[in-house]
>>> print(open('entry04.pdb').read())   # PDB, C-alpha atoms, pLDDT in the B column
MODEL        1
ATOM      1  CA  MET A  11     145.135-145.684-166.530  1.00 57.00           C
ATOM      2  CA  THR A  12     143.641-146.033-169.983  1.00 70.00           C
ATOM      3  CA  ILE A  13     140.992-148.605-170.808  1.00 75.00           C
ATOM      4  CA  ASP A  14     142.571-151.965-171.653  1.00 80.00           C
ATOM      5  CA  VAL A  15     140.861-152.921-174.936  1.00 86.00           C
ATOM      6  CA  ILE A  16     140.158-156.585-175.637  1.00 90.00           C
ATOM      7  CA  GLY A  17     141.643-157.796-178.922  1.00 91.00           C
ATOM      8  CA  ILE A  18     138.857-159.380-180.988  1.00 91.00           C
ATOM      9  CA  GLY A  19     140.975-160.525-183.965  1.00 90.00           C
ATOM     10  CA  ALA A  20     140.602-159.740-187.654  1.00 89.00           C
ATOM     11  CA  ALA A  21     137.800-162.227-188.348  1.00 88.00           C
ATOM     12  CA  PRO A  22     135.708-164.713-186.373  1.00 86.00           C
ATOM     13  CA  GLY A  23     137.640-167.880-185.525  1.00 86.00           C
ATOM     14  CA  ASP A  24     141.010-166.672-186.898  1.00 91.00           C
ATOM     15  CA  ASN A  25     142.674-167.089-183.475  1.00 89.00           C
ATOM     16  CA  THR A  26     144.311-163.645-183.660  1.00 92.00           C
ATOM     17  CA  GLY A  27     142.304-162.089-180.818  1.00 91.00           C
ATOM     18  CA  ASP A  28     142.849-162.300-177.063  1.00 92.00           C
ATOM     19  CA  GLY A  29     142.167-165.629-175.404  1.00 91.00           C
ATOM     20  CA  LEU A  30     139.392-165.894-172.815  1.00 91.00           C
ATOM     21  CA  ARG A  31     141.735-165.612-169.813  1.00 93.00           C
ATOM     22  CA  THR A  32     143.527-162.567-171.252  1.00 93.00           C
ATOM     23  CA  ALA A  33     140.211-160.909-172.177  1.00 90.00           C
ATOM     24  CA  MET A  34     138.748-161.430-168.689  1.00 91.00           C
ATOM     25  CA  THR A  35     141.956-160.103-167.091  1.00 90.00           C
ATOM     26  CA  LYS A  36     141.504-156.931-169.150  1.00 86.00           C
ATOM     27  CA  VAL A  37     137.867-156.665-168.012  1.00 84.00           C
ATOM     28  CA  ASN A  38     138.943-157.002-164.362  1.00 83.00           C
ATOM     29  CA  ASN A  39     141.661-154.378-164.849  1.00 80.00           C
ATOM     30  CA  ASN A  40     139.204-151.968-166.473  1.00 76.00           C
ATOM     31  CA  PHE A  41     136.759-152.222-163.581  1.00 73.00           C
ATOM     32  CA  GLY A  42     139.329-152.586-160.820  1.00 70.00           C
ATOM     33  CA  SER A  43     141.199-149.330-161.394  1.00 63.00           C
ATOM     34  CA  PRO A  44     139.720-146.209-159.760  1.00 60.00           C
ATOM     35  CA  ALA A  45     141.258-144.200-162.617  1.00 60.00           C
ATOM     36  CA  ASN A  46     138.815-145.715-165.124  1.00 59.00           C
ATOM     37  CA  SER A  47     135.286-144.390-165.345  1.00 56.00           C
ATOM     38  CA  ALA A  48     134.086-147.960-165.805  1.00 57.00           C
ATOM     39  CA  SER A  49     135.034-148.683-162.192  1.00 55.00           C
ATOM     40  CA  LYS A  50     133.537-145.601-160.552  1.00 58.00           C
ATOM     41  CA  LEU A  51     130.680-146.262-158.197  1.00 61.00           C
ATOM     42  CA  VAL A  52     127.259-145.123-159.305  1.00 60.00           C
ATOM     43  CA  GLY A  53     125.710-142.512-157.030  1.00 60.00           C
ATOM     44  CA  THR A  54     125.534-138.815-156.242  1.00 60.00           C
ATOM     45  CA  ALA A  55     128.761-138.345-154.242  1.00 61.00           C
ATOM     46  CA  THR A  56     131.684-136.413-155.718  1.00 58.00           C
ATOM     47  CA  GLY A  57     133.547-138.519-158.280  1.00 56.00           C
ATOM     48  CA  GLN A  58     130.716-140.998-158.759  1.00 60.00           C
ATOM     49  CA  ILE A  59     128.756-141.495-161.962  1.00 57.00           C
ATOM     50  CA  PRO A  60     125.083-140.450-161.635  1.00 57.00           C
ATOM     51  CA  THR A  61     122.301-142.822-162.591  1.00 56.00           C
ATOM     52  CA  ALA A  62     119.789-141.758-165.221  1.00 52.00           C
ATOM     53  CA  ASP A  63     117.406-140.847-162.391  1.00 51.00           C
ATOM     54  CA  ASP A  64     119.972-138.351-161.056  1.00 50.00           C
ATOM     55  CA  LEU A  65     120.637-136.638-164.348  1.00 49.00           C
ATOM     56  CA  LEU A  66     118.708-133.916-166.139  1.00 46.00           C
ATOM     57  CA  VAL A  67     119.988-133.058-169.597  1.00 45.00           C
ATOM     58  CA  VAL A  68     119.436-129.638-171.136  1.00 43.00           C
ATOM     59  CA  GLY A  69     121.033-129.133-174.516  1.00 41.00           C
ATOM     60  CA  GLU A  70     124.564-130.388-174.021  1.00 40.00           C
ATOM     61  CA  THR A  71     124.823-129.372-170.365  1.00 43.00           C
ATOM     62  CA  ASN A  72     124.041-131.860-167.597  1.00 43.00           C
ATOM     63  CA  TYR A  73     122.539-130.917-164.253  1.00 43.00           C
ATOM     64  CA  SER A  74     122.438-133.344-161.359  1.00 43.00           C
ATOM     65  CA  THR A  75     119.023-132.653-159.835  1.00 46.00           C
ATOM     66  CA  GLY A  76     118.091-135.954-158.283  1.00 49.00           C
ATOM     67  CA  ASN A  77     115.333-136.657-160.799  1.00 46.00           C
ATOM     68  CA  LEU A  78     114.457-136.847-164.479  1.00 59.00           C
ATOM     69  CA  ASN A  79     111.714-134.263-164.316  1.00 67.00           C
ATOM     70  CA  GLN A  80     112.139-132.353-167.567  1.00 74.00           C
ATOM     71  CA  LEU A  81     109.940-129.584-166.195  1.00 81.00           C
ATOM     72  CA  VAL A  82     112.238-128.582-163.303  1.00 83.00           C
ATOM     73  CA  PHE A  83     115.556-126.761-163.685  1.00 83.00           C
ATOM     74  CA  GLY A  84     118.009-125.839-160.962  1.00 82.00           C
ATOM     75  CA  GLY A  85     117.715-126.999-157.396  1.00 82.00           C
ATOM     76  CA  ILE A  86     121.478-127.089-156.990  1.00 83.00           C
ATOM     77  CA  ALA A  87     123.693-124.163-155.963  1.00 85.00           C
ATOM     78  CA  GLY A  88     125.831-122.936-158.852  1.00 84.00           C
ATOM     79  CA  ALA A  89     123.841-124.755-161.573  1.00 83.00           C
ATOM     80  CA  ARG A  90     123.815-122.723-164.787  1.00 83.00           C
ATOM     81  CA  PHE A  91     121.398-123.113-167.632  1.00 81.00           C
ATOM     82  CA  GLY A  92     119.817-121.180-170.453  1.00 82.00           C
ATOM     83  CA  SER A  93     121.309-118.409-172.480  1.00 85.00           C
ATOM     84  CA  GLY A  94     120.391-114.812-172.869  1.00 88.00           C
ATOM     85  CA  ILE A  95     121.351-111.401-174.076  1.00 89.00           C
ATOM     86  CA  ALA A  96     121.161-107.973-172.501  1.00 88.00           C
ATOM     87  CA  THR A  97     118.435-105.889-174.077  1.00 91.00           C
ATOM     88  CA  ASN A  98     119.614-102.751-172.241  1.00 91.00           C
ATOM     89  CA  THR A  99     121.699-101.808-169.181  1.00 88.00           C
ATOM     90  CA  THR A 100     119.252-103.341-166.645  1.00 88.00           C
ATOM     91  CA  THR A 101     117.348-106.149-168.421  1.00 90.00           C
ATOM     92  CA  VAL A 102     118.171-109.448-170.122  1.00 90.00           C
ATOM     93  CA  THR A 103     116.056-111.738-172.268  1.00 91.00           C
ATOM     94  CA  MET A 104     116.642-115.408-171.424  1.00 90.00           C
ATOM     95  CA  ASN A 105     115.940-118.623-173.365  1.00 88.00           C
ATOM     96  CA  LEU A 106     115.955-122.102-171.851  1.00 86.00           C
ATOM     97  CA  PRO A 107     115.924-124.913-174.450  1.00 83.00           C
ATOM     98  CA  MET A 108     113.157-127.462-173.916  1.00 80.00           C
ATOM     99  CA  ASN A 109     111.926-130.633-175.602  1.00 76.00           C
ATOM    100  CA  LEU A 110     108.293-130.916-174.569  1.00 78.00           C
ATOM    101  CA  PHE A 111     105.227-132.417-176.208  1.00 77.00           C
ATOM    102  CA  GLY A 112     103.130-129.344-175.535  1.00 81.00           C
ATOM    103  CA  ASP A 113     103.544-125.598-175.240  1.00 86.00           C
ATOM    104  CA  ILE A 114     104.542-124.070-171.916  1.00 88.00           C
ATOM    105  CA  THR A 115     101.547-122.468-170.232  1.00 89.00           C
ATOM    106  CA  SER A 116     103.285-121.097-167.138  1.00 89.00           C
ATOM    107  CA  ALA A 117     106.597-120.973-165.318  1.00 90.00           C
ATOM    108  CA  ALA A 118     107.213-120.734-161.573  1.00 90.00           C
ATOM    109  CA  PHE A 119     110.482-119.190-160.386  1.00 90.00           C
ATOM    110  CA  VAL A 120     111.532-119.973-156.807  1.00 89.00           C
ATOM    111  CA  GLY A 121     114.502-118.553-154.901  1.00 88.00           C
ATOM    112  CA  LEU A 122     117.413-116.372-155.962  1.00 88.00           C
ATOM    113  CA  PHE A 123     119.331-116.427-159.232  1.00 88.00           C
ATOM    114  CA  ARG A 124     122.434-114.690-160.592  1.00 86.00           C
ATOM    115  CA  ILE A 125     122.889-113.398-164.094  1.00 87.00           C
ATOM    116  CA  VAL A 126     126.495-113.939-165.219  1.00 85.00           C
ATOM    117  CA  ASN A 127     128.432-113.479-168.439  1.00 81.00           C
ATOM    118  CA  PRO A 128     131.033-115.859-169.912  1.00 69.00           C
ATOM    119  CA  LEU A 129     133.831-113.927-168.160  1.00 70.00           C
ATOM    120  CA  GLU A 130     132.266-114.788-164.782  1.00 64.00           C
ATOM    121  CA  PHE A 131     131.149-111.229-164.092  1.00 65.00           C
ATOM    122  CA  THR A 132     127.944-111.204-162.040  1.00 63.00           C
ATOM    123  CA  PHE A 133     125.378-108.551-162.870  1.00 64.00           C
ATOM    124  CA  GLY A 134     123.562-109.042-159.596  1.00 61.00           C
ATOM    125  CA  GLU A 135     121.371-111.466-157.740  1.00 62.00           C
ATOM    126  CA  VAL A 136     117.722-111.308-158.667  1.00 65.00           C
ATOM    127  CA  ASP A 137     114.707-112.564-156.818  1.00 63.00           C
ATOM    128  CA  ILE A 138     111.565-113.903-158.394  1.00 66.00           C
ATOM    129  CA  LEU A 139     109.936-110.456-158.452  1.00 68.00           C
ATOM    130  CA  ASN A 140     112.357-109.361-161.180  1.00 81.00           C
ATOM    131  CA  ILE A 141     111.745-112.390-163.434  1.00 87.00           C
ATOM    132  CA  ASN A 142     108.872-112.309-165.914  1.00 87.00           C
ATOM    133  CA  PHE A 143     107.660-115.344-167.867  1.00 89.00           C
ATOM    134  CA  ASP A 144     107.061-114.523-171.558  1.00 88.00           C
ATOM    135  CA  ALA A 145     104.039-116.671-172.467  1.00 88.00           C
ATOM    136  CA  ALA A 146     103.791-115.298-176.004  1.00 87.00           C
ATOM    137  CA  ALA A 147     107.371-116.275-176.908  1.00 87.00           C
ATOM    138  CA  SER A 148     107.540-119.595-174.998  1.00 86.00           C
ATOM    139  CA  THR A 149     106.819-122.864-176.808  1.00 84.00           C
ATOM    140  CA  GLY A 150     107.425-126.544-176.192  1.00 81.00           C
ATOM    141  CA  ARG A 151     110.942-125.948-177.517  1.00 83.00           C
ATOM    142  CA  CYS A 152     111.948-122.887-175.494  1.00 87.00           C
ATOM    143  CA  LEU A 153     111.097-121.224-172.193  1.00 88.00           C
ATOM    144  CA  CYS A 154     111.453-117.470-172.616  1.00 91.00           C
ATOM    145  CA  PHE A 155     111.606-114.942-169.794  1.00 91.00           C
ATOM    146  CA  THR A 156     113.078-111.552-168.944  1.00 91.00           C
ATOM    147  CA  VAL A 157     115.090-110.574-165.910  1.00 90.00           C
ATOM    148  CA  GLY A 158     115.173-106.955-164.759  1.00 88.00           C
ATOM    149  CA  GLY A 159     116.685-104.978-161.912  1.00 86.00           C
ATOM    150  CA  LEU A 160     120.287-105.599-162.977  1.00 85.00           C
ATOM    151  CA  SER A 161     123.153-103.152-163.366  1.00 83.00           C
ATOM    152  CA  GLY A 162     126.378-102.907-165.336  1.00 82.00           C
ATOM    153  CA  LEU A 163     125.057-104.504-168.495  1.00 84.00           C
ATOM    154  CA  THR A 164     125.919-103.420-172.004  1.00 85.00           C
ATOM    155  CA  ALA A 165     123.291-104.045-174.638  1.00 86.00           C
ATOM    156  CA  ARG A 166     123.935-107.366-176.404  1.00 87.00           C
ATOM    157  CA  ASP A 167     126.069-108.808-173.554  1.00 85.00           C
ATOM    158  CA  PRO A 168     125.743-112.633-173.607  1.00 88.00           C
ATOM    159  CA  VAL A 169     124.608-114.036-170.243  1.00 88.00           C
ATOM    160  CA  THR A 170     123.435-117.193-168.488  1.00 87.00           C
ATOM    161  CA  ILE A 171     121.369-117.755-165.343  1.00 88.00           C
ATOM    162  CA  GLU A 172     122.798-119.435-162.225  1.00 87.00           C
ATOM    163  CA  CYS A 173     121.119-120.784-159.076  1.00 88.00           C
ATOM    164  CA  VAL A 174     122.286-118.995-155.931  1.00 88.00           C
ATOM    165  CA  ASN A 175     121.400-121.950-153.690  1.00 88.00           C
ATOM    166  CA  SER A 176     119.756-125.379-153.714  1.00 86.00           C
ATOM    167  CA  THR A 177     116.252-123.940-153.324  1.00 87.00           C
ATOM    168  CA  SER A 178     116.524-121.875-156.520  1.00 89.00           C
ATOM    169  CA  LYS A 179     114.643-123.540-159.355  1.00 87.00           C
ATOM    170  CA  ILE A 180     112.354-123.010-162.308  1.00 88.00           C
ATOM    171  CA  THR A 181     109.329-125.237-162.848  1.00 88.00           C
ATOM    172  CA  VAL A 182     107.349-125.117-166.084  1.00 88.00           C
ATOM    173  CA  THR A 183     103.807-126.315-166.807  1.00 88.00           C
ATOM    174  CA  VAL A 184     102.565-127.572-170.160  1.00 84.00           C
TER     175      VAL A 184
ENDMDL
END
>>> encode(input="entry04.pdb", output="structure tokens")
Amino acid sequence: MTIDVIGIGAAPGDNTGDGLRTAMTKVNNNFGSPANSASKLVGTATGQIPTADDLLVVGETNYSTGNLNQLVFGGIAGARFGSGIATNTTTVTMNLPMNLFGDITSAAFVGLFRIVNPLEFTFGEVDILNINFDAAASTGRCLCFTVGGLSGLTARDPVTIECVNSTSKITVTV
């Protein structure tokens, strides 16, 4: 069902808009239909709308992480973030957009990650031993790191990083 828009008229007091009863009926219909996002329950279950506390925004991609901590990424199986490019057949350089008030001084990588390309091809799971924080290139605007130990890459392949499970996450320090 589409949202039932309340008619407000052409000008104040011109009596061309919806009357109060009609307007309130439309409001009830908008919130009473499970097909409308306005009526979905707020929460973390499938099909619900997350609260601001359950939403972490990175660029234009949203990750439900259970908090608004802008210094933690991942923590949910299958979450993808950042972009990168293959520098050779075994290594990629990754960039994770940030919006911090200070420069990143360190990054902690926990768990397992996958490096995947836009065609869903996985270049292998990597553990934290194959991920190296690039302090010289990282700023308050971008976390930079390299991932090695991969196979099947072609130089300049576009890639992204994906959490293997819910314990996989990246935490930065400013």
>>> closest_residue(input="entry04.pdb", among="A:Cys152, A:Ile95, A:Ile16, A:Met104", to="A:Asp28", atoms="only C-alpha atoms")
A:Ile16
>>> resolve_selection(input="entry04.pdb", expression="the PyMOL selection byres ((chain A and resi 153) around 10)", output="PyMOL selection string")
chain A and resi 92+104-108+113-117+143-145+147-152+154-155+182
>>> closest_residue(input="entry04.pdb", among="A:Val157, A:Ile171, A:Ile86, A:Ala165", to="A:Phe123", atoms="all atoms listed in the file")
A:Ile171
>>> resolve_selection(input="entry04.pdb", expression="the PyMOL selection byres ((chain A and resi 121) around 8)", output="list in words")
Phe119, Val120, Leu122, Phe123, Asp137, Ile138, Val174, Asn175, Thr177, Ser178 and Lys179 of chain A
>>> residues_around(input="entry04.pdb", residues="A:Thr100", least_positions_apart="3", cutoff="12 Å", atoms="only C-alpha atoms", output="ChimeraX atom specification")
/A:95-97,103,125,133-134,136,140,156-167
>>> atom_distance(input="entry04.pdb", atom1="atom CA of A:Leu81", atom2="atom CA of A:Cys173")
15.9 Å
>>> atom_distance(input="entry04.pdb", atom1="atom CA of A:Val102", atom2="atom CA of A:Thr181")
19.5 Å
